[in-house]
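Text of query10.cif, listed as mmCIF, C-alpha atoms:
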data_final
loop_
_atom_site.group_PDB
_atom_site.id
_atom_site.type_symbol
_atom_site.label_atom_id
_atom_site.label_comp_id
_atom_site.auth_asym_id
_atom_site.auth_seq_id
_atom_site.Cartn_x
_atom_site.Cartn_y
_atom_site.Cartn_z
ATOM 1 C CA MET E 1 1.252 -17.608 -19.775
ATOM 2 C CA ARG E 2 -1.116 -17.178 -16.839
ATOM 3 C CA ALA E 3 -4.584 -18.473 -17.648
ATOM 4 C CA VAL E 4 -6.616 -16.289 -15.279
ATOM 5 C CA ARG E 5 -6.755 -12.540 -15.795
ATOM 6 C CA PRO E 6 -6.617 -10.842 -12.383
ATOM 7 C CA ASP E 7 -9.151 -8.290 -11.186
ATOM 8 C CA LEU E 8 -6.358 -6.327 -9.505
ATOM 9 C CA ILE E 9 -2.607 -6.138 -10.035
ATOM 10 C CA VAL E 10 -0.483 -4.644 -7.260
ATOM 11 C CA VAL E 11 3.100 -3.471 -7.774
ATOM 12 C CA GLY E 12 4.683 -2.787 -4.412
ATOM 13 C CA ASP E 13 6.861 -3.679 -1.462
ATOM 14 C CA VAL E 14 6.928 -7.105 0.183
ATOM 15 C CA MET E 15 8.426 -7.127 3.672
ATOM 16 C CA VAL E 16 8.852 -9.136 6.845
ATOM 17 C CA ASP E 17 7.599 -7.244 9.891
ATOM 18 C CA VAL E 18 9.487 -7.819 13.131
ATOM 19 C CA SER E 19 7.430 -6.528 16.053
ATOM 20 C CA VAL E 20 8.969 -6.120 19.512
ATOM 21 C CA ASP E 21 6.848 -5.267 22.560
ATOM 22 C CA SER E 22 8.536 -4.607 25.874
ATOM 23 C CA GLY E 23 7.816 -2.493 28.933
ATOM 24 C CA ALA E 24 11.318 -1.049 28.749
ATOM 25 C CA LEU E 25 14.571 -1.860 26.995
ATOM 26 C CA ALA E 26 17.879 -2.192 28.827
ATOM 27 C CA ARG E 27 20.473 -0.558 26.623
ATOM 28 C CA GLY E 28 23.276 -3.075 26.216
ATOM 29 C CA GLY E 29 21.382 -5.725 28.224
ATOM 30 C CA ASP E 30 18.537 -8.245 27.996
ATOM 31 C CA VAL E 31 14.837 -7.965 28.846
ATOM 32 C CA HIS E 32 11.820 -10.188 28.317
ATOM 33 C CA GLY E 33 9.167 -9.176 25.822
ATOM 34 C CA GLU E 34 7.105 -10.333 22.891
ATOM 35 C CA VAL E 35 8.797 -10.705 19.489
ATOM 36 C CA ARG E 36 6.675 -11.538 16.442
ATOM 37 C CA LEU E 37 7.561 -12.083 12.791
ATOM 38 C CA ARG E 38 4.875 -11.704 10.156
ATOM 39 C CA PRO E 39 4.641 -10.956 6.439
ATOM 40 C CA GLY E 40 3.869 -7.371 5.493
ATOM 41 C CA GLY E 41 4.776 -4.492 3.216
ATOM 42 C CA VAL E 42 2.424 -2.001 1.555
ATOM 43 C CA GLY E 43 2.025 -4.056 -1.608
ATOM 44 C CA ALA E 44 1.514 -7.365 0.170
ATOM 45 C CA ASN E 45 -0.919 -5.890 2.684
ATOM 46 C CA ALA E 46 -3.111 -4.233 0.047
ATOM 47 C CA ALA E 47 -3.085 -7.394 -2.076
ATOM 48 C CA VAL E 48 -4.223 -9.622 0.798
ATOM 49 C CA TRP E 49 -7.024 -7.264 1.832
ATOM 50 C CA ALA E 50 -8.187 -7.113 -1.800
ATOM 51 C CA ALA E 51 -8.199 -10.905 -2.059
ATOM 52 C CA GLU E 52 -10.163 -11.122 1.192
ATOM 53 C CA ALA E 53 -12.717 -8.790 -0.398
ATOM 54 C CA GLY E 54 -13.223 -11.255 -3.240
ATOM 55 C CA ALA E 55 -10.893 -10.015 -5.976
ATOM 56 C CA LYS E 56 -8.455 -12.145 -7.979
ATOM 57 C CA VAL E 57 -5.146 -10.477 -7.183
ATOM 58 C CA ARG E 58 -1.626 -10.692 -8.592
ATOM 59 C CA LEU E 59 1.294 -9.086 -6.744
ATOM 60 C CA HIS E 60 4.512 -8.012 -8.465
ATOM 61 C CA GLY E 61 7.490 -7.357 -6.219
ATOM 62 C CA ARG E 62 10.979 -8.512 -5.331
ATOM 63 C CA VAL E 63 12.161 -10.562 -2.361
ATOM 64 C CA GLY E 64 15.435 -12.135 -1.357
ATOM 65 C CA ASP E 65 16.249 -15.685 -2.368
ATOM 66 C CA ASP E 66 16.140 -16.631 1.289
ATOM 67 C CA LEU E 67 13.985 -18.249 3.949
ATOM 68 C CA PHE E 68 11.897 -15.142 4.537
ATOM 69 C CA GLY E 69 11.289 -14.542 0.836
ATOM 70 C CA ARG E 70 10.017 -18.068 0.366
ATOM 71 C CA ALA E 71 7.907 -17.877 3.525
ATOM 72 C CA VAL E 72 6.230 -14.635 2.438
ATOM 73 C CA CYS E 73 5.569 -16.108 -1.003
ATOM 74 C CA GLU E 74 3.864 -19.115 0.582
ATOM 75 C CA ALA E 75 1.867 -16.911 2.944
ATOM 76 C CA LEU E 76 0.560 -14.822 0.046
ATOM 77 C CA ALA E 77 -0.462 -17.903 -1.913
ATOM 78 C CA ALA E 78 -2.264 -19.233 1.166
ATOM 79 C CA ARG E 79 -4.286 -15.999 1.182
ATOM 80 C CA GLU E 80 -5.307 -16.487 -2.481
ATOM 81 C CA VAL E 81 -2.869 -13.859 -3.806
ATOM 82 C CA GLU E 82 -0.862 -14.840 -6.891
ATOM 83 C CA PRO E 83 2.751 -13.998 -5.959
ATOM 84 C CA ALA E 84 4.517 -12.907 -9.148
ATOM 85 C CA LEU E 85 7.713 -12.203 -7.228
ATOM 86 C CA ALA E 86 11.286 -11.962 -8.444
ATOM 87 C CA PHE E 87 13.828 -13.672 -6.167
ATOM 88 C CA ASP E 88 17.010 -11.668 -5.679
ATOM 89 C CA PRO E 89 20.202 -13.748 -5.225
ATOM 90 C CA GLU E 90 22.104 -10.851 -3.639
ATOM 91 C CA ALA E 91 19.751 -8.681 -1.572
ATOM 92 C CA PRO E 92 17.749 -9.989 1.417
ATOM 93 C CA THR E 93 13.994 -9.793 1.752
ATOM 94 C CA GLY E 94 12.982 -6.366 3.026
ATOM 95 C CA ALA E 95 12.331 -6.035 6.746
ATOM 96 C CA MET E 96 10.640 -3.576 9.081
ATOM 97 C CA LEU E 97 11.518 -3.513 12.769
ATOM 98 C CA VAL E 98 8.841 -2.002 15.022
ATOM 99 C CA VAL E 99 9.776 -1.594 18.702
ATOM 100 C CA ARG E 100 7.087 -0.616 21.197
ATOM 101 C CA GLU E 101 8.535 0.510 24.494
ATOM 102 C CA SER E 102 6.624 2.199 27.331
ATOM 103 C CA GLY E 103 3.952 3.536 25.005
ATOM 104 C CA GLU E 104 6.425 4.789 22.387
ATOM 105 C CA ARG E 105 6.917 3.278 18.944
ATOM 106 C CA SER E 106 10.192 3.304 16.981
ATOM 107 C CA MET E 107 10.708 1.853 13.521
ATOM 108 C CA VAL E 108 13.669 0.853 11.377
ATOM 109 C CA ALA E 109 13.114 -0.083 7.723
ATOM 110 C CA ASP E 110 15.427 -1.997 5.412
ATOM 111 C CA ARG E 111 13.870 -2.182 1.951
ATOM 112 C CA GLY E 112 16.271 -4.926 0.939
ATOM 113 C CA ALA E 113 15.315 -6.558 -2.354
ATOM 114 C CA ASN E 114 12.360 -4.173 -2.787
ATOM 115 C CA ALA E 115 14.803 -1.424 -3.714
ATOM 116 C CA ARG E 116 16.111 -3.559 -6.590
ATOM 117 C CA LEU E 117 12.758 -4.048 -8.343
ATOM 118 C CA SER E 118 13.399 -3.273 -12.006
ATOM 119 C CA PRO E 119 11.349 -2.851 -15.184
ATOM 120 C CA GLU E 120 12.591 -6.300 -16.232
ATOM 121 C CA ASP E 121 10.686 -7.773 -13.263
ATOM 122 C CA LEU E 122 7.379 -6.583 -14.763
ATOM 123 C CA PRO E 123 5.538 -7.951 -17.821
ATOM 124 C CA PRO E 124 5.148 -5.867 -21.003
ATOM 125 C CA ALA E 125 1.554 -5.079 -20.016
ATOM 126 C CA LEU E 126 -0.252 -5.094 -16.673
ATOM 127 C CA GLU E 127 -3.739 -6.113 -17.750
ATOM 128 C CA ALA E 128 -6.471 -6.107 -15.108
ATOM 129 C CA SER E 129 -9.586 -4.217 -14.098
ATOM 130 C CA ALA E 130 -7.438 -2.173 -11.690
ATOM 131 C CA VAL E 131 -3.720 -1.629 -11.073
ATOM 132 C CA LEU E 132 -2.103 -0.206 -7.925
ATOM 133 C CA VAL E 133 1.483 1.085 -7.792
ATOM 134 C CA SER E 134 3.063 2.012 -4.451
ATOM 135 C CA GLY E 135 4.768 5.354 -4.054
ATOM 136 C CA TYR E 136 7.509 3.763 -1.956
ATOM 137 C CA LEU E 137 8.909 2.266 -5.158
ATOM 138 C CA LEU E 138 8.813 5.666 -6.830
ATOM 139 C CA PHE E 139 10.586 7.470 -3.983
ATOM 140 C CA ASP E 140 13.632 5.186 -4.009
ATOM 141 C CA PRO E 141 15.976 6.022 -6.928
ATOM 142 C CA ARG E 142 16.880 2.349 -7.250
ATOM 143 C CA SER E 143 13.265 1.271 -7.912
ATOM 144 C CA GLU E 144 11.914 4.506 -9.403
ATOM 145 C CA ALA E 145 12.156 3.181 -12.966
ATOM 146 C CA ALA E 146 10.049 0.135 -12.050
ATOM 147 C CA ALA E 147 7.344 2.337 -10.537
ATOM 148 C CA ARG E 148 7.218 4.555 -13.598
ATOM 149 C CA VAL E 149 7.079 1.544 -15.914
ATOM 150 C CA GLY E 150 4.355 -0.018 -13.771
ATOM 151 C CA LEU E 151 2.142 3.017 -14.300
ATOM 152 C CA GLU E 152 2.985 3.273 -17.995
ATOM 153 C CA ARG E 153 2.309 -0.426 -18.680
ATOM 154 C CA ALA E 154 -0.998 -0.495 -16.818
ATOM 155 C CA ARG E 155 -3.891 -1.548 -19.030
ATOM 156 C CA ALA E 156 -6.790 -1.098 -16.646
ATOM 157 C CA GLY E 157 -9.950 0.870 -16.065
ATOM 158 C CA VAL E 158 -8.494 2.175 -12.788
ATOM 159 C CA VAL E 159 -4.784 2.987 -12.492
ATOM 160 C CA ALA E 160 -4.076 3.937 -8.879
ATOM 161 C CA VAL E 161 -0.991 5.339 -7.211
ATOM 162 C CA GLU E 162 -0.468 5.510 -3.448
ATOM 163 C CA ALA E 163 1.259 8.677 -2.173
ATOM 164 C CA ALA E 164 2.754 6.536 0.623
ATOM 165 C CA SER E 165 4.710 8.993 2.814
ATOM 166 C CA TRP E 166 4.592 12.768 3.123
ATOM 167 C CA PRO E 167 8.278 13.205 4.135
ATOM 168 C CA LEU E 168 9.450 11.041 1.213
ATOM 169 C CA LEU E 169 6.992 12.808 -1.076
ATOM 170 C CA GLU E 170 8.312 16.183 0.013
ATOM 171 C CA ALA E 171 11.903 15.078 -0.582
ATOM 172 C CA PHE E 172 11.019 13.612 -3.989
ATOM 173 C CA GLY E 173 9.353 16.840 -5.103
ATOM 174 C CA VAL E 174 5.697 17.622 -5.761
ATOM 175 C CA GLU E 175 6.038 18.560 -9.431
ATOM 176 C CA ARG E 176 8.238 15.548 -10.047
ATOM 177 C CA PHE E 177 5.567 13.351 -8.445
ATOM 178 C CA PHE E 178 2.872 14.828 -10.688
ATOM 179 C CA GLU E 179 5.032 14.184 -13.751
ATOM 180 C CA ALA E 180 5.864 10.615 -12.768
ATOM 181 C CA THR E 181 2.258 9.710 -11.935
ATOM 182 C CA ALA E 182 0.622 11.301 -14.978
ATOM 183 C CA PRO E 183 -0.774 7.915 -16.179
ATOM 184 C CA ALA E 184 -2.665 7.426 -12.902
ATOM 185 C CA THR E 185 -6.443 7.853 -12.859
ATOM 186 C CA LEU E 186 -6.789 7.524 -9.076
ATOM 187 C CA LEU E 187 -4.658 9.151 -6.385
ATOM 188 C CA LEU E 188 -4.736 7.620 -2.891
ATOM 189 C CA ALA E 189 -3.388 9.811 -0.096
ATOM 190 C CA ASN E 190 -3.833 10.530 3.595
ATOM 191 C CA GLU E 191 -4.386 14.034 4.935
ATOM 192 C CA LEU E 192 -0.727 14.980 5.275
ATOM 193 C CA GLU E 193 0.168 13.603 1.848
ATOM 194 C CA ALA E 194 -2.752 15.459 0.242
ATOM 195 C CA GLU E 195 -1.706 18.663 1.993
ATOM 196 C CA THR E 196 1.899 18.222 0.849
ATOM 197 C CA LEU E 197 0.750 17.799 -2.750
ATOM 198 C CA SER E 198 -1.853 20.566 -2.819
ATOM 199 C CA GLY E 199 -0.942 23.090 -0.139
ATOM 200 C CA ALA E 200 -4.545 22.820 1.074
ATOM 201 C CA LYS E 201 -6.462 20.759 3.622
ATOM 202 C CA GLY E 202 -9.554 18.567 3.674
ATOM 203 C CA ASP E 203 -12.121 19.215 0.965
ATOM 204 C CA ALA E 204 -9.961 21.898 -0.618
ATOM 205 C CA ALA E 205 -7.051 19.479 -0.973
ATOM 206 C CA ALA E 206 -9.218 16.810 -2.606
ATOM 207 C CA SER E 207 -10.767 19.335 -4.999
ATOM 208 C CA ALA E 208 -7.389 20.826 -5.950
ATOM 209 C CA LEU E 209 -5.845 17.425 -6.657
ATOM 210 C CA ALA E 210 -8.911 16.407 -8.690
ATOM 211 C CA GLU E 211 -7.785 18.983 -11.256
ATOM 212 C CA ARG E 212 -4.816 16.673 -11.945
ATOM 213 C CA TYR E 213 -6.318 13.202 -11.446
ATOM 214 C CA PRO E 214 -9.774 11.986 -12.563
ATOM 215 C CA THR E 215 -10.405 10.659 -9.048
ATOM 216 C CA VAL E 216 -8.792 11.531 -5.718
ATOM 217 C CA CYS E 217 -9.337 9.740 -2.428
ATOM 218 C CA VAL E 218 -8.145 11.343 0.805
ATOM 219 C CA LYS E 219 -8.076 9.026 3.818
ATOM 220 C CA LEU E 220 -9.046 10.653 7.125
ATOM 221 C CA GLY E 221 -8.420 7.806 9.565
ATOM 222 C CA GLU E 222 -11.192 7.386 12.110
ATOM 223 C CA ARG E 223 -13.152 10.166 10.347
ATOM 224 C CA GLY E 224 -13.525 8.128 7.152
ATOM 225 C CA ALA E 225 -12.563 9.440 3.719
ATOM 226 C CA ILE E 226 -13.303 12.008 1.033
ATOM 227 C CA MET E 227 -13.472 11.222 -2.671
ATOM 228 C CA ALA E 228 -13.374 13.867 -5.397
ATOM 229 C CA ARG E 229 -14.719 12.705 -8.751
ATOM 230 C CA ASP E 230 -16.572 14.287 -11.688
ATOM 231 C CA GLY E 231 -16.636 17.662 -9.967
ATOM 232 C CA ARG E 232 -18.316 16.251 -6.850
ATOM 233 C CA LEU E 233 -17.191 15.338 -3.357
ATOM 234 C CA PHE E 234 -18.300 12.090 -1.722
ATOM 235 C CA ARG E 235 -17.807 11.208 1.922
ATOM 236 C CA ALA E 236 -17.896 7.956 3.819
ATOM 237 C CA LYS E 237 -17.705 7.464 7.572
ATOM 238 C CA ALA E 238 -15.498 4.900 9.259
ATOM 239 C CA PRO E 239 -17.167 2.492 11.702
ATOM 240 C CA SER E 240 -16.371 3.266 15.326
ATOM 241 C CA VAL E 241 -13.817 0.769 16.662
ATOM 242 C CA VAL E 242 -11.382 0.394 19.528
ATOM 243 C CA GLU E 243 -7.984 0.940 17.926
ATOM 244 C CA ALA E 244 -5.441 -1.812 18.498
ATOM 245 C CA ASP E 245 -2.757 -0.908 15.937
ATOM 246 C CA PRO E 246 -3.246 1.535 13.021
ATOM 247 C CA THR E 247 -0.288 0.050 11.121
ATOM 248 C CA GLY E 248 -1.527 -1.172 7.751
ATOM 249 C CA ALA E 249 -4.993 0.388 8.027
ATOM 250 C CA GLY E 250 -4.351 2.503 4.939
ATOM 251 C CA ASP E 251 -3.237 -0.597 3.035
ATOM 252 C CA GLY E 252 -6.458 -2.369 4.018
ATOM 253 C CA PHE E 253 -8.414 0.658 2.808
ATOM 254 C CA ASP E 254 -6.610 0.640 -0.556
ATOM 255 C CA GLY E 255 -7.043 -3.087 -1.085
ATOM 256 C CA ALA E 256 -10.745 -3.080 -0.255
ATOM 257 C CA LEU E 257 -11.410 -0.001 -2.402
ATOM 258 C CA LEU E 258 -9.678 -1.374 -5.484
ATOM 259 C CA ALA E 259 -11.180 -4.831 -5.030
ATOM 260 C CA ALA E 260 -14.657 -3.321 -4.992
ATOM 261 C CA LEU E 261 -13.984 -1.152 -8.035
ATOM 262 C CA SER E 262 -12.473 -4.060 -9.954
ATOM 263 C CA LEU E 263 -15.622 -6.093 -9.246
ATOM 264 C CA GLY E 264 -17.923 -3.386 -10.596
ATOM 265 C CA VAL E 265 -19.098 -1.775 -7.348
ATOM 266 C CA SER E 266 -20.033 1.928 -7.550
ATOM 267 C CA TRP E 267 -17.472 4.487 -6.418
ATOM 268 C CA GLU E 268 -19.605 5.554 -3.446
ATOM 269 C CA ASP E 269 -20.173 1.995 -2.228
ATOM 270 C CA ALA E 270 -16.506 1.149 -2.806
ATOM 271 C CA LEU E 271 -15.526 4.083 -0.581
ATOM 272 C CA THR E 272 -17.818 2.831 2.181
ATOM 273 C CA ARG E 273 -16.340 -0.678 1.960
ATOM 274 C CA ALA E 274 -12.818 0.760 2.060
ATOM 275 C CA CYS E 275 -13.541 2.739 5.245
ATOM 276 C CA ALA E 276 -14.940 -0.401 6.866
ATOM 277 C CA ALA E 277 -11.805 -2.369 5.947
ATOM 278 C CA GLY E 278 -9.515 0.360 7.258
ATOM 279 C CA ALA E 279 -11.392 0.358 10.559
ATOM 280 C CA ARG E 280 -11.143 -3.440 10.789
ATOM 281 C CA ALA E 281 -7.413 -3.232 10.214
ATOM 282 C CA ALA E 282 -6.954 -0.560 12.892
ATOM 283 C CA ALA E 283 -8.996 -2.601 15.378
ATOM 284 C CA SER E 284 -6.741 -5.638 14.972
ATOM 285 C CA PRO E 285 -3.124 -6.188 16.055
ATOM 286 C CA GLU E 286 -2.624 -8.099 12.786
ATOM 287 C CA LEU E 287 -1.622 -6.613 9.428
ATOM 288 C CA TRP E 288 -3.772 -9.052 7.429
ATOM 289 C CA PRO E 289 -7.479 -9.820 7.911
#
Exercise: express the given structure as structure tokens:
Amino acid sequence: MRAVRPDLIVVGDVMVDVSVDSGALARGGDVHGEVRLRPGGVGANAAVWAAEAGAKVRLHGRVGDDLFGRAVCEALAAREVEPALAFDPEAPTGAMLVVRESGERSMVADRGANARLSPEDLPPALEASAVLVSGYLLFDPRSEAAARVGLERARAGVVAVEAASWPLLEAFGVERFFEATAPATLLLANELEAETLSGAKGDAAASALAERYPTVCVKLGERGAIMARDGRLFRAKAPSVVEADPTGAGDGFDGALLAALSLGVSWEDALTRACAAGARAAASPELWP
């Protein structure tokens, strides 16, 4: 039994990011460029940003029983995140390939062991001040049961779900998403995800979704965020930064927000801290702070 009760529990994807930067690719040939490997994934990113914000964080996920799985586990522990990861003997650790070529960005994702996360990988109760479950788990039929169980087993003051991806959300089905995420008390979404769920934009989207969830947070990128709660709308601005790479900025936002809430910070102040973290993430070429 773990002795320390976490402030935040995250249930989500753990990946290895492979980043390739090159002026141009030669189809079928070789070119010089920069290739970087780094730990990532929505769940891992949010967990690390939350730990950096001062929260005690536990991360539940699934990785391959391979070099990359062990390396990511060690990297999380080095960032003060408790890695409660299942090691899969058959599937590899998930990987994301990002290729930047002449100003264009292309991505290929292989969810690997993440897609095999099961209810058996989670404890009977997820007890913390806050719990976050990633929508990516929900949108894959192989890990959908684990996502649903994660929400159902949450024993926390804040139970958050991340809408994750508007195309996957659209394919999954809006009403089905509402049904699956009924235990959630906080919905986290960007503008397109909020519009997909509500059919509205901006303030109207946040207000409409607040009829289904006690609190709704809509992330607006460089324009900050809107929070709908108790019949009111709150806004926070994002600090002005020079954008280096927006990848993972939403994860940094989520981690900082839930860390603040789990530590007793007010909702308004937590929103401000989250916008600051998202801006920091976008201003850095790194996924982790």
**Message:** If the PyMOL selection byres ((chain E and resi 70) around 12) were run on this exact file, what residues would it hold? Put them as JSON, numbers by chain.
**Reply:** {"E": [14, 15, 16, 39, 62, 63, 64, 65, 66, 67, 68, 69, 71, 72, 73, 74, 75, 76, 77, 83, 85, 86, 87, 88, 92, 93]}
**Item:** Selection result of the PyMOL selection byres ((chain E and resi 215-226) around 10) on this file, as a PyMOL selection string
**Value:** chain E and resi 158+160+162+184-195+201-203+205-214+227-241+243+246+249-250+253-254+257+267+271-272+274-276+278-279+282
**Request:** Could you give me, as number ranges by chain, the residues within 8 Å of Gly135 in chain E, counting all atoms listed in the file and dropping anything in the same chain fewer than 6 positions from it?
**Result:** E: 147, 161-165
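You can rank E:Val98, E:Val20, E:Leu122, E:Ala47 by their closest distance to Val81 in chain E using all atoms listed in the file, and at the top of that list sits E:Ala47.
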**Item:** Selection dump of the PyMOL selection byres ((chain E and resi 37) around 7), as an MDAnalysis selection string
**Value:** chainID E and resid 16:19 35:36 38
**Message:** Nearest residue to Ser118 in chain E out of E:Ala244, E:Ala46, E:Val11, E:Ala55, using only C-alpha atoms?
**Reply:**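 Ranking E:Ala244, E:Ala46, E:Val11, E:Ala55 by distance to Ser118 in chain E, first place goes to E:Val11.
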**Shell of 7 Å around Ser143 in chain E, all atoms listed in the file, local chain residues under 5 positions omitted, as a PyMOL selection string** = chain E and resi 115-118+137-138
**Message:** Between E:Val159, E:Ala113, E:Ala145, E:Ala50, which residue has the minimum interatomic distance to Ala277 in chain E, considering only C-alpha atoms?
**Reply:**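 Answer, going by the shortest atom-to-atom distance: E:Ala50.
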**Asked** Using only C-alpha atoms, which residue out of E:Val57, E:Val42, E:Leu169, E:Ala256 lies closest to Thr196 in chain E?
**Response** E:Leu169
So that all listed atoms of range 146-159 of chain E fit with 4 Å spare on each side, what axis-aligned box centre and edge lengths in Å, to one decimal, would you give as JSON?
{"center_x": 0.0, "center_y": 1.5, "center_z": -14.8, "size_x": 28.0, "size_y": 14.1, "size_z": 16.5}
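The coordinates place CA of Trp49 in chain E at 18.4 Å from CA of Arg5 in chain E.
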**Request:** Please measure the separation of CA of Lys56 in chain E and CA of Ala125 in chain E, giving the value in Å to one decimal.
**Result:**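 We find that CA of Lys56 in chain E and CA of Ala125 in chain E lie 17.2 Å from each other.
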**Prompt:** What does the distance from CA of Pro285 in chain E to CA of Asp245 in chain E come to in Å, to one decimal?
**Reply:**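 Separation between CA of Pro285 in chain E and CA of Asp245 in chain E: 5.3 Å.
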**Message:** Restricting the calculation to all atoms listed in the file: of E:Ala109, E:Met96, E:Ala260, E:Val10, which residue gets closest to Gly61 in chain E?
**Reply:**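 Among E:Ala109, E:Met96, E:Ala260, E:Val10, it is E:Val10 that comes nearest to Gly61 in chain E.
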**Message:** Using only C-alpha atoms for the distances, tell me which of E:Glu80, E:Glu144, E:Glu101, E:Asp7 is nearest to Gly264 in chain E.
**Reply:**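 For Gly264 in chain E, the nearest of the given residues is E:Asp7.
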**Item:** 9 Å contact set for Ser129 in chain E, all atoms listed in the file, chain neighbours under 2 positions out, as a count of residues only
**Value:** 15
Near Gly248 in chain E, within 7 Å and counting all atoms listed in the file, which residues show up once chain neighbours fewer than 2 positions away are dropped, as a tab-separated table (two decimals) with C-alpha atoms, in the frame of the given file?
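Heads up, here's the output in selection_7.tsv:
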chain	number	residue	atom	x	y	z
E	45	ASN	CA	-0.92	-5.89	2.68
E	246	PRO	CA	-3.25	1.54	13.02
E	250	GLY	CA	-4.35	2.50	4.94
E	251	ASP	CA	-3.24	-0.60	3.04
E	252	GLY	CA	-6.46	-2.37	4.02
E	281	ALA	CA	-7.41	-3.23	10.21
E	287	LEU	CA	-1.62	-6.61	9.43
**Residues within 12 Å of (20.1, -4.4, 17.5), file coords, all atoms listed in the file, listed as a ChimeraX atom specification** = /E:18,20,25-30,97-99,107-108
Please, can range 5-20 of chain E be completed to N, CA and C atoms and returned as a PDB file, in the coordinates of the input?
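Dumped to rebuild_23.pdb:
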ATOM      1  N   ARG E   5      -7.008 -13.981 -15.840  1.00  0.00           N
ATOM      2  CA  ARG E   5      -6.755 -12.540 -15.795  1.00  0.00           C
ATOM      3  C   ARG E   5      -7.162 -12.028 -14.420  1.00  0.00           C
ATOM      4  N   PRO E   6      -6.271 -11.324 -13.719  1.00  0.00           N
ATOM      5  CA  PRO E   6      -6.617 -10.842 -12.383  1.00  0.00           C
ATOM      6  C   PRO E   6      -7.589  -9.667 -12.432  1.00  0.00           C
ATOM      7  N   ASP E   7      -8.325  -9.493 -11.336  1.00  0.00           N
ATOM      8  CA  ASP E   7      -9.151  -8.290 -11.186  1.00  0.00           C
ATOM      9  C   ASP E   7      -8.262  -7.101 -10.824  1.00  0.00           C
ATOM     10  N   LEU E   8      -7.254  -7.378  -9.997  1.00  0.00           N
ATOM     11  CA  LEU E   8      -6.358  -6.327  -9.505  1.00  0.00           C
ATOM     12  C   LEU E   8      -4.914  -6.790  -9.582  1.00  0.00           C
ATOM     13  N   ILE E   9      -4.051  -5.909 -10.074  1.00  0.00           N
ATOM     14  CA  ILE E   9      -2.607  -6.138 -10.035  1.00  0.00           C
ATOM     15  C   ILE E   9      -1.999  -5.083  -9.113  1.00  0.00           C
ATOM     16  N   VAL E  10      -1.186  -5.539  -8.178  1.00  0.00           N
ATOM     17  CA  VAL E  10      -0.483  -4.644  -7.260  1.00  0.00           C
ATOM     18  C   VAL E  10       1.008  -4.715  -7.550  1.00  0.00           C
ATOM     19  N   VAL E  11       1.648  -3.559  -7.637  1.00  0.00           N
ATOM     20  CA  VAL E  11       3.100  -3.471  -7.774  1.00  0.00           C
ATOM     21  C   VAL E  11       3.598  -2.722  -6.541  1.00  0.00           C
ATOM     22  N   GLY E  12       4.297  -3.446  -5.653  1.00  0.00           N
ATOM     23  CA  GLY E  12       4.683  -2.787  -4.412  1.00  0.00           C
ATOM     24  C   GLY E  12       5.621  -3.608  -3.554  1.00  0.00           C
ATOM     25  N   ASP E  13       5.898  -3.072  -2.377  1.00  0.00           N
ATOM     26  CA  ASP E  13       6.861  -3.679  -1.462  1.00  0.00           C
ATOM     27  C   ASP E  13       6.315  -4.928  -0.792  1.00  0.00           C
ATOM     28  N   VAL E  14       7.206  -5.882  -0.578  1.00  0.00           N
ATOM     29  CA  VAL E  14       6.928  -7.105   0.183  1.00  0.00           C
ATOM     30  C   VAL E  14       7.975  -7.167   1.295  1.00  0.00           C
ATOM     31  N   MET E  15       7.515  -7.223   2.536  1.00  0.00           N
ATOM     32  CA  MET E  15       8.426  -7.127   3.672  1.00  0.00           C
ATOM     33  C   MET E  15       8.154  -8.229   4.691  1.00  0.00           C
ATOM     34  N   VAL E  16       9.077  -8.370   5.620  1.00  0.00           N
ATOM     35  CA  VAL E  16       8.852  -9.136   6.845  1.00  0.00           C
ATOM     36  C   VAL E  16       8.816  -8.120   7.979  1.00  0.00           C
ATOM     37  N   ASP E  17       7.726  -8.134   8.744  1.00  0.00           N
ATOM     38  CA  ASP E  17       7.599  -7.244   9.891  1.00  0.00           C
ATOM     39  C   ASP E  17       8.091  -7.951  11.151  1.00  0.00           C
ATOM     40  N   VAL E  18       9.008  -7.303  11.851  1.00  0.00           N
ATOM     41  CA  VAL E  18       9.487  -7.819  13.131  1.00  0.00           C
ATOM     42  C   VAL E  18       8.976  -6.871  14.202  1.00  0.00           C
ATOM     43  N   SER E  19       8.063  -7.354  15.029  1.00  0.00           N
ATOM     44  CA  SER E  19       7.430  -6.528  16.053  1.00  0.00           C
ATOM     45  C   SER E  19       7.974  -6.910  17.429  1.00  0.00           C
ATOM     46  N   VAL E  20       8.420  -5.900  18.171  1.00  0.00           N
ATOM     47  CA  VAL E  20       8.969  -6.120  19.512  1.00  0.00           C
ATOM     48  C   VAL E  20       8.158  -5.289  20.503  1.00  0.00           C
TER      49      VAL E  20
END
